[in-house]
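Novice: Sharing work27.cif, mmCIF, C-alpha atoms:
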```cif
data_run
#
loop_
_atom_site.group_PDB
_atom_site.id
_atom_site.type_symbol
_atom_site.label_atom_id
_atom_site.label_comp_id
_atom_site.auth_asym_id
_atom_site.auth_seq_id
_atom_site.Cartn_x
_atom_site.Cartn_y
_atom_site.Cartn_z
ATOM 1 C CA GLU D 1 -1.876 39.997 -36.714
ATOM 2 C CA GLN D 2 -0.366 37.174 -38.746
ATOM 3 C CA GLY D 3 -0.443 37.442 -42.532
ATOM 4 C CA PRO D 4 1.652 37.657 -45.687
ATOM 5 C CA TRP D 5 4.442 40.220 -45.514
ATOM 6 C CA THR D 6 6.863 41.546 -48.104
ATOM 7 C CA GLY D 7 10.047 42.792 -46.456
ATOM 8 C CA ALA D 8 8.837 45.080 -43.692
ATOM 9 C CA MET D 9 5.451 45.840 -45.270
ATOM 10 C CA PRO D 10 2.233 43.788 -45.446
ATOM 11 C CA ALA D 11 1.554 42.405 -48.917
ATOM 12 C CA ALA D 12 -2.123 43.336 -48.596
ATOM 13 C CA LYS D 13 -3.430 46.770 -47.578
ATOM 14 C CA VAL D 14 -4.395 46.925 -43.915
ATOM 15 C CA PRO D 15 -7.835 48.527 -43.356
ATOM 16 C CA ILE D 16 -7.922 51.757 -41.351
ATOM 17 C CA PRO D 17 -9.493 51.194 -37.919
ATOM 18 C CA GLU D 18 -12.929 52.734 -37.532
ATOM 19 C CA GLY D 19 -12.830 56.040 -35.661
ATOM 20 C CA TRP D 20 -9.051 56.569 -36.064
ATOM 21 C CA ASP D 21 -8.251 60.258 -36.577
ATOM 22 C CA GLY D 22 -4.881 59.649 -38.225
ATOM 23 C CA GLN D 23 -2.698 60.327 -35.192
ATOM 24 C CA VAL D 24 0.438 58.151 -35.122
ATOM 25 C CA LEU D 25 0.572 56.498 -31.708
ATOM 26 C CA GLY D 26 3.872 54.691 -32.073
ATOM 27 C CA ARG D 27 6.179 52.880 -34.430
ATOM 28 C CA TRP D 28 8.149 49.657 -34.591
ATOM 29 C CA ARG D 29 11.545 50.077 -32.984
ATOM 30 C CA GLU D 30 14.180 49.994 -35.713
ATOM 31 C CA GLU D 31 17.532 48.278 -35.587
ATOM 32 C CA TYR D 32 20.594 50.293 -34.621
ATOM 33 C CA ALA D 33 24.334 49.776 -34.896
ATOM 34 C CA THR D 34 26.513 49.377 -31.814
ATOM 35 C CA GLN D 35 29.782 51.267 -32.038
ATOM 36 C CA ALA D 36 33.261 49.895 -31.388
ATOM 37 C CA VAL D 37 34.891 50.894 -28.104
ATOM 38 C CA PRO D 38 38.460 51.444 -26.803
ATOM 39 C CA SER D 39 40.495 48.456 -25.641
ATOM 40 C CA ALA D 40 39.818 49.112 -21.963
ATOM 41 C CA MET D 41 36.074 48.640 -22.526
ATOM 42 C CA LEU D 42 36.103 45.523 -24.715
ATOM 43 C CA SER D 43 33.990 42.411 -24.316
ATOM 44 C CA GLY D 44 35.727 39.110 -23.784
ATOM 45 C CA THR D 45 35.575 36.355 -26.385
ATOM 46 C CA THR D 46 34.632 33.211 -24.461
ATOM 47 C CA LEU D 47 31.956 31.156 -26.209
ATOM 48 C CA PHE D 48 29.023 29.006 -25.148
ATOM 49 C CA CYS D 49 27.967 27.131 -28.288
ATOM 50 C CA PHE D 50 25.064 24.823 -28.942
ATOM 51 C CA MET D 51 23.342 22.852 -31.687
ATOM 52 C CA ALA D 52 19.742 21.759 -31.996
ATOM 53 C CA VAL D 53 19.593 18.427 -33.842
ATOM 54 C CA LEU D 54 16.761 16.133 -34.870
ATOM 55 C CA PRO D 55 17.199 12.691 -33.263
ATOM 56 C CA GLY D 56 17.564 9.918 -35.818
ATOM 57 C CA SER D 57 18.389 12.343 -38.628
ATOM 58 C CA PRO D 58 21.632 12.613 -40.653
ATOM 59 C CA GLU D 59 22.522 15.537 -38.374
ATOM 60 C CA MET D 60 23.554 13.045 -35.696
ATOM 61 C CA ALA D 61 26.431 11.779 -37.861
ATOM 62 C CA LEU D 62 27.618 15.373 -38.301
ATOM 63 C CA VAL D 63 27.566 15.847 -34.536
ATOM 64 C CA ASP D 64 29.619 12.675 -34.029
ATOM 65 C CA ALA D 65 32.155 13.803 -36.630
ATOM 66 C CA ALA D 66 32.522 17.202 -34.973
ATOM 67 C CA ARG D 67 32.862 15.652 -31.517
ATOM 68 C CA ASN D 68 35.556 13.219 -32.671
ATOM 69 C CA ARG D 69 37.562 16.090 -34.165
ATOM 70 C CA LYS D 70 36.861 18.495 -31.296
ATOM 71 C CA ALA D 71 35.518 20.835 -33.974
ATOM 72 C CA SER D 72 32.507 23.152 -34.247
ATOM 73 C CA ILE D 73 30.822 23.633 -30.849
ATOM 74 C CA PHE D 74 33.266 21.193 -29.231
ATOM 75 C CA GLY D 75 36.006 23.785 -29.689
ATOM 76 C CA CYS D 76 34.139 26.327 -27.533
ATOM 77 C CA GLU D 77 34.715 26.944 -23.824
ATOM 78 C CA GLY D 78 31.198 25.605 -23.180
ATOM 79 C CA HIS D 79 28.880 23.548 -25.372
ATOM 80 C CA LYS D 80 25.611 21.606 -25.368
ATOM 81 C CA ILE D 81 23.493 19.511 -27.740
ATOM 82 C CA TYR D 82 19.720 19.990 -27.670
ATOM 83 C CA HIS D 83 17.088 17.891 -29.426
ATOM 84 C CA SER D 84 14.815 19.604 -31.929
ATOM 85 C CA SER D 85 11.600 18.479 -33.612
ATOM 86 C CA LYS D 86 10.511 18.323 -37.234
ATOM 87 C CA SER D 87 9.328 21.622 -38.765
ATOM 88 C CA ASP D 88 7.102 22.432 -41.730
ATOM 89 C CA TRP D 89 7.459 24.747 -44.715
ATOM 90 C CA ALA D 90 5.174 27.729 -45.389
ATOM 91 C CA THR D 91 4.658 29.865 -48.490
ATOM 92 C CA TRP D 92 4.186 33.632 -48.126
ATOM 93 C CA GLY D 93 2.037 35.804 -50.345
ATOM 94 C CA THR D 94 5.216 36.672 -52.261
ATOM 95 C CA GLY D 95 5.626 33.048 -53.339
ATOM 96 C CA GLN D 96 8.757 32.578 -51.230
ATOM 97 C CA LYS D 97 9.033 29.583 -48.916
ATOM 98 C CA THR D 98 10.437 29.531 -45.406
ATOM 99 C CA LEU D 99 10.949 26.862 -42.779
ATOM 100 C CA VAL D 100 8.519 27.559 -39.939
ATOM 101 C CA ASN D 101 10.656 26.463 -37.002
ATOM 102 C CA THR D 102 10.283 29.354 -34.564
ATOM 103 C CA ASP D 103 8.163 27.384 -32.098
ATOM 104 C CA THR D 104 10.779 24.622 -31.958
ATOM 105 C CA PHE D 105 13.605 27.047 -31.236
ATOM 106 C CA ILE D 106 11.648 28.993 -28.640
ATOM 107 C CA LYS D 107 11.479 25.751 -26.669
ATOM 108 C CA ILE D 108 15.200 25.177 -27.185
ATOM 109 C CA TRP D 109 16.026 28.691 -25.981
ATOM 110 C CA GLN D 110 13.947 27.903 -22.887
ATOM 111 C CA GLN D 111 16.243 24.938 -22.257
ATOM 112 C CA VAL D 112 19.284 27.186 -22.713
ATOM 113 C CA LYS D 113 17.860 29.522 -20.078
ATOM 114 C CA HIS D 114 17.162 26.626 -17.717
ATOM 115 C CA ASP D 115 20.696 25.246 -18.042
ATOM 116 C CA GLY D 116 22.278 28.662 -17.475
ATOM 117 C CA LEU D 117 25.549 27.755 -19.203
ATOM 118 C CA HIS D 118 25.415 30.963 -21.250
ATOM 119 C CA LEU D 119 25.968 32.964 -18.063
ATOM 120 C CA LEU D 120 29.508 31.605 -17.784
ATOM 121 C CA HIS D 121 30.653 33.029 -21.127
ATOM 122 C CA ASP D 122 30.772 36.309 -23.033
ATOM 123 C CA TRP D 123 28.924 35.139 -26.166
ATOM 124 C CA THR D 124 26.325 32.520 -27.028
ATOM 125 C CA VAL D 125 26.578 30.877 -30.456
ATOM 126 C CA LYS D 126 23.764 28.786 -31.935
ATOM 127 C CA VAL D 127 24.933 26.805 -34.975
ATOM 128 C CA ASP D 128 23.375 24.353 -37.400
ATOM 129 C CA ALA D 129 24.904 20.895 -37.475
ATOM 130 C CA ASP D 130 25.923 21.335 -41.127
ATOM 131 C CA CYS D 131 27.590 24.713 -40.565
ATOM 132 C CA VAL D 132 31.367 24.449 -41.006
ATOM 133 C CA TRP D 133 33.106 27.006 -38.811
ATOM 134 C CA PHE D 134 36.067 27.404 -36.471
ATOM 135 C CA PRO D 135 35.672 28.783 -32.924
ATOM 136 C CA ALA D 136 39.206 30.208 -32.914
ATOM 137 C CA ARG D 137 38.450 32.221 -36.050
ATOM 138 C CA LEU D 138 35.158 33.439 -34.597
ATOM 139 C CA ARG D 139 36.974 34.689 -31.501
ATOM 140 C CA ALA D 140 39.319 36.624 -33.791
ATOM 141 C CA HIS D 141 36.349 38.126 -35.657
ATOM 142 C CA ILE D 142 34.682 39.160 -32.392
ATOM 143 C CA SER D 143 37.933 40.668 -31.121
ATOM 144 C CA SER D 144 38.350 42.712 -34.306
ATOM 145 C CA LEU D 145 34.859 44.193 -33.926
ATOM 146 C CA LYS D 146 35.833 45.749 -30.559
ATOM 147 C CA ALA D 147 32.408 45.059 -29.076
ATOM 148 C CA PRO D 148 31.643 46.762 -25.760
ATOM 149 C CA ALA D 149 31.570 44.672 -22.604
ATOM 150 C CA ASP D 150 28.238 44.196 -20.801
ATOM 151 C CA ALA D 151 26.218 45.483 -23.762
ATOM 152 C CA PRO D 152 23.335 43.795 -25.614
ATOM 153 C CA VAL D 153 24.709 42.991 -29.077
ATOM 154 C CA TYR D 154 23.981 40.565 -31.891
ATOM 155 C CA LEU D 155 26.225 40.050 -34.910
ATOM 156 C CA LYS D 156 25.099 40.351 -38.509
ATOM 157 C CA ASN D 157 27.108 37.611 -40.134
ATOM 158 C CA ALA D 158 26.594 38.084 -43.884
ATOM 159 C CA MET D 159 25.811 40.614 -46.582
ATOM 160 C CA ALA D 160 22.314 42.048 -46.218
ATOM 161 C CA LYS D 161 21.440 41.024 -49.786
ATOM 162 C CA TYR D 162 21.322 37.343 -48.887
ATOM 163 C CA THR D 163 18.308 37.607 -46.550
ATOM 164 C CA ASN D 164 17.087 38.841 -43.188
ATOM 165 C CA GLY D 165 19.214 41.989 -43.211
ATOM 166 C CA GLY D 166 22.440 39.981 -42.998
ATOM 167 C CA PHE D 167 21.488 37.813 -40.016
ATOM 168 C CA LEU D 168 21.523 34.202 -41.217
ATOM 169 C CA GLY D 169 20.491 31.382 -38.928
ATOM 170 C CA ALA D 170 23.274 28.912 -39.729
ATOM 171 C CA ILE D 171 25.343 30.646 -37.045
ATOM 172 C CA GLU D 172 23.763 33.110 -34.614
ATOM 173 C CA ILE D 173 26.071 35.075 -32.300
ATOM 174 C CA LEU D 174 24.733 37.091 -29.375
ATOM 175 C CA SER D 175 26.308 38.660 -26.309
ATOM 176 C CA ARG D 176 25.424 37.408 -22.842
ATOM 177 C CA VAL D 177 23.487 40.615 -22.101
ATOM 178 C CA ALA D 178 21.508 40.262 -25.354
ATOM 179 C CA ILE D 179 20.521 36.711 -24.400
ATOM 180 C CA GLU D 180 19.439 37.802 -20.942
ATOM 181 C CA LYS D 181 17.370 40.609 -22.456
ATOM 182 C CA TYR D 182 15.671 38.082 -24.701
ATOM 183 C CA PHE D 183 14.931 35.726 -21.816
ATOM 184 C CA ASP D 184 13.376 38.582 -19.823
ATOM 185 C CA ASN D 185 11.056 39.470 -22.713
ATOM 186 C CA ALA D 186 10.537 36.247 -24.677
ATOM 187 C CA ASP D 187 6.809 36.042 -23.948
ATOM 188 C CA GLY D 188 6.270 39.530 -25.354
ATOM 189 C CA CYS D 189 8.160 38.664 -28.533
ATOM 190 C CA VAL D 190 6.047 35.563 -29.030
ATOM 191 C CA LYS D 191 2.861 37.553 -28.488
ATOM 192 C CA HIS D 192 3.668 40.471 -30.791
ATOM 193 C CA ILE D 193 5.930 38.890 -33.440
ATOM 194 C CA GLY D 194 4.329 35.468 -33.649
ATOM 195 C CA LEU D 195 5.555 32.049 -34.653
ATOM 196 C CA LYS D 196 4.842 31.840 -38.380
ATOM 197 C CA SER D 197 8.375 32.461 -39.616
ATOM 198 C CA GLY D 198 11.904 31.113 -39.643
ATOM 199 C CA GLU D 199 13.581 31.247 -36.259
ATOM 200 C CA ASP D 200 16.351 33.588 -37.392
ATOM 201 C CA GLY D 201 13.824 36.154 -38.637
ATOM 202 C CA TYR D 202 11.909 35.902 -35.365
ATOM 203 C CA LEU D 203 15.072 36.266 -33.282
ATOM 204 C CA LYS D 204 16.323 39.296 -35.212
ATOM 205 C CA ASP D 205 12.921 41.003 -35.005
ATOM 206 C CA CYS D 206 12.858 40.335 -31.278
ATOM 207 C CA MET D 207 16.388 41.681 -30.760
ATOM 208 C CA ASP D 208 15.555 44.859 -32.701
ATOM 209 C CA ALA D 209 12.279 45.348 -30.829
ATOM 210 C CA LEU D 210 14.078 45.013 -27.485
ATOM 211 C CA GLY D 211 16.697 47.599 -28.379
ATOM 212 C CA VAL D 212 19.574 45.150 -28.811
ATOM 213 C CA GLY D 213 22.188 46.704 -31.069
ATOM 214 C CA TYR D 214 24.021 44.970 -33.878
ATOM 215 C CA MET D 215 27.556 44.865 -35.193
ATOM 216 C CA VAL D 216 28.482 43.678 -38.691
ATOM 217 C CA ASP D 217 31.074 41.217 -39.919
ATOM 218 C CA GLU D 218 30.026 40.082 -43.395
ATOM 219 C CA LEU D 219 32.943 37.637 -43.598
ATOM 220 C CA ILE D 220 31.700 35.405 -40.787
ATOM 221 C CA MET D 221 29.366 33.737 -43.252
ATOM 222 C CA ASN D 222 29.745 34.235 -46.990
ATOM 223 C CA PRO D 223 27.299 31.962 -48.853
ATOM 224 C CA SER D 224 28.522 30.697 -52.204
ATOM 225 C CA PRO D 225 26.604 29.230 -55.168
ATOM 226 C CA GLN D 226 29.516 26.791 -55.511
ATOM 227 C CA PRO D 227 30.409 25.648 -51.977
#
```
Mind converting the file's structure to structure tokens?
Specialist:
Amino acid sequence: EQGPWTGAMPAAKVPIPEGWDGQVLGRWREEYATQAVPSAMLSGTTLFCFMAVLPGSPEMALVDAARNRKASIFGCEGHKIYHSSKSDWATWGTGQKTLVNTDTFIKIWQQVKHDGLHLLHDWTVKVDADCVWFPARLRAHISSLKAPADAPVYLKNAMAKYTNGGFLGAIEILSRVAIEKYFDNADGCVKHIGLKSGEDGYLKDCMDALGVGYMVDELIMNPSPQP
């Protein structure tokens, strides 16, 4: 059911189903941490990176600037630009606002699957056009985490206090196996998680529900009140 939520709990009390005897039939699968592994078992660090940009928006100038400097996604081993569509804002029962763009990004992820470029690289990186980052530094961060090869992993990129448990959508980093697991189960995530949220919250919930583990590097993205 869709409705206002506060953190992981509904803001309004959910009525008890008629005839329920109180037996717990199952729970939401919780997130879990993936552990570092020895050098012989490490993932590689090749990157497939993409942006989703709104045609005719100021984002296009940012893309051109990055392309001319061979920066951002153009410094990855593989890259692609996808076109997005305009999204709306929604207000939860808590009074907080969020950009409801999950439906747009589900369609973009479908294009990623169709192109298949992610299969050629160890990690897939989705970035916003206005995210300033350096692929070489990201490879160093991934290497330092000692992530296991051929394992489903997503990276928490910031301190949990900022939002979404430390998984911020400006730069989303997922292993090839994690992406494939998502593609195999995307319809189920849409059905059970829904579309009325920001895409990063949807993606994290889906990863956790599918049993994709996380690793943490809070220095990948460190938001500042004075950028």
Novice: What does the distance from CA of Glu59 (chain D) to CA of Asp128 (chain D) come to in Å, to one decimal?
Specialist: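 Computing the Euclidean distance for CA of Glu59 (chain D) and CA of Asp128 (chain D) yields 8.9 Å.
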Novice: List, as an MDAnalysis selection string, every residue that the PyMOL selection byres ((chain D and resi 63) around 12) selects in the file provided.
Specialist: chainID D and resid 50:62 64:74 80:83 127:132
Novice: Nearest to Ala36 (chain D): which of D:Leu203, D:Val177, D:Val190, D:Val153 is it, counting only C-alpha atoms?
Specialist: D:Val153
Novice: Write out as a CSV table (one decimal) with C-alpha atoms, in the frame of the given file which residues come within 6 Å of Leu47 (chain D) when counting all atoms listed in the file, dropping same-chain ones fewer than 4 positions away.
Specialist:
```csv
chain,number,residue,atom,x,y,z
D,76,CYS,CA,34.1,26.3,-27.5
D,77,GLU,CA,34.7,26.9,-23.8
D,121,HIS,CA,30.7,33.0,-21.1
D,123,TRP,CA,28.9,35.1,-26.2
D,124,THR,CA,26.3,32.5,-27.0
```
Novice: With all atoms listed in the file as the basis for distance, which of D:Leu168, D:Met41, D:Ala186, D:Leu174 is at the shortest distance from Gly213 (chain D)?
Specialist: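 Among the listed residues, the smallest separation from Gly213 (chain D) belongs to D:Leu174.
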Novice: Quick one, how far is CA of Cys189 (chain D) from CA of Ala160 (chain D)?
Specialist: 22.9 Å
Novice: I want to know what sits within 7 Å of Val216 (chain D), based on all atoms listed in the file, with residues of the same chain fewer than 6 positions away left out; could you give that as an mmCIF file with C-alpha atoms, in the frame of the given file?
Specialist:
```
data_model
loop_
_atom_site.group_PDB
_atom_site.id
_atom_site.type_symbol
_atom_site.label_atom_id
_atom_site.label_comp_id
_atom_site.auth_asym_id
_atom_site.auth_seq_id
_atom_site.Cartn_x
_atom_site.Cartn_y
_atom_site.Cartn_z
ATOM 1 C CA LEU D 155 26.225 40.050 -34.910
ATOM 2 C CA LYS D 156 25.099 40.351 -38.509
ATOM 3 C CA ASN D 157 27.108 37.611 -40.134
#
```
Novice: With only C-alpha atoms counted, which protein, DNA or RNA residues have an atom no more than 10 Å from (6.5, 40.0, -31.4) in the file frame? Please answer as a list in words.
Specialist: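 The residues near that point, listed by chain and number, are Glu1, Asn185, Ala186, Asp187, Gly188, Cys189, Val190, Lys191, His192, Ile193, Gly194, Leu195, Tyr202, Leu203, Asp205, Cys206, Ala209 and Leu210 of chain D.
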Novice: Find the residue from D:His79, D:Arg29, D:Lys113, D:Lys107 that sits nearest to Phe183 (chain D); use all atoms listed in the file when measuring.
Specialist: D:Lys113
Novice: With all atoms listed in the file as the atoms that count, which of D:Thr46, D:Glu172, D:Tyr32, D:Gly201 lies nearest to Met221 (chain D)?
Specialist: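 Looking at the shortest contact to Met221 (chain D), the residue is D:Glu172.
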